[in-house]
Amino acid sequence: MDSAYREEARVFKAFCDENRLRILELLRSGEKCACKLLDDLHITQPTLSHHMKILCDAGIVQGRKEGKWVHYSIDPAGAERAKELLARQLALKPFCSQDGCCAEEN
C-alpha cells in the first residue's frame with residue numbers, strides 16, 4: 001500500500017512547482033523542443049532537466065529524442081491517470097462511526 005501512495009505522491013509532486021505548471025501550460029498546445037522551453041521559460045538547461053525528470057517520472061510528460069534535443073509532450077495516458085487520482089482523492093465517501101451510524105463525511 002505504501003508503494004501506491006508513493007506513486008500517487010510522485011504525480012501530485014509534479015504539479016507543485018510554478019515552473020512545472022508553466023511547462024505544462026506550454027505543452028498543452030503540443031510537442032515542444034527543450035530549446036523552445038528554455039527560451040520561453042528563461043531558465044537554465046540543468047533546471048529544465050530537473051523539472052522534466054519529475055514530470056516524466058510522474059508519467060505526465062513524455063520525451064522523444066531527436067538529434068541532440070529532446071521534444072516533450074503531455075502523455076495522454078499519464079494525464080488521464082492524474083485526473084483519476086485527483087478525482088479519487090476529492091471524492092466524498094460515507095463513513096461509519098463507532099456506534100455503527102453511517103453518515104456523509106464533511
# chains A, B, ... in the order shown; residues from 1 in each chain; ligands from 1
call {"tool": "residues_around", "arguments": {"residues": "Gly59 in chain A", "least_positions_apart": "5", "cutoff": "9 Å", "atoms": "only C-alpha atoms", "output": "list in words"}}
result
Val11, Ile54, Ile74, Asp75, Ala77, Gly78, Ala79, Arg81 and Ala82 of chain A
call {"tool": "write_last_selection", "arguments": {"atoms": "C-alpha atoms", "output": "PDB file, in the first residue's frame"}}
result
ATOM      1  CA  VAL A  11       2.160  12.527  -9.583  1.00  0.00           C
ATOM      2  CA  ILE A  54       9.989  14.988 -12.316  1.00  0.00           C
ATOM      3  CA  ILE A  74       1.942  15.656 -22.455  1.00  0.00           C
ATOM      4  CA  ASP A  75       1.382  11.900 -22.200  1.00  0.00           C
ATOM      5  CA  ALA A  77      -2.451   8.216 -20.558  1.00  0.00           C
ATOM      6  CA  GLY A  78      -0.487   9.896 -17.768  1.00  0.00           C
ATOM      7  CA  ALA A  79      -2.729  12.962 -17.855  1.00  0.00           C
ATOM      8  CA  ARG A  81      -4.300   8.861 -14.671  1.00  0.00           C
ATOM      9  CA  ALA A  82      -3.542  12.154 -12.889  1.00  0.00           C
TER      10      ALA A  82
END
call {"tool": "select_by_dssp", "arguments": {"residues": "chain A", "states": "strand (DSSP E)", "output": "ChimeraX atom specification"}}
result
/A:32-33,61-66,69-74,94-96,102-104
call {"tool": "closest_residue", "arguments": {"among": "A:Arg6, A:Lys93, A:Arg22, A:Arg88", "to": "Met52 in chain A", "atoms": "only C-alpha atoms"}}
result
A:Arg22
call {"tool": "residues_around", "arguments": {"residues": "range 37-47 of chain A", "least_positions_apart": "3", "cutoff": "12 Å", "atoms": "only C-alpha atoms", "output": "list of chain:residue names"}}
result
A:Glu18, A:Asn19, A:Arg20, A:Leu21, A:Arg22, A:Ile23, A:Leu24, A:Glu25, A:Leu26, A:Leu27, A:Gly30, A:Glu31, A:Lys32, A:Cys33, A:Ala34, A:His50, A:His51, A:Met52, A:Lys53, A:Ile54, A:Trp69, A:Val70, A:His71, A:Tyr72, A:Ser73
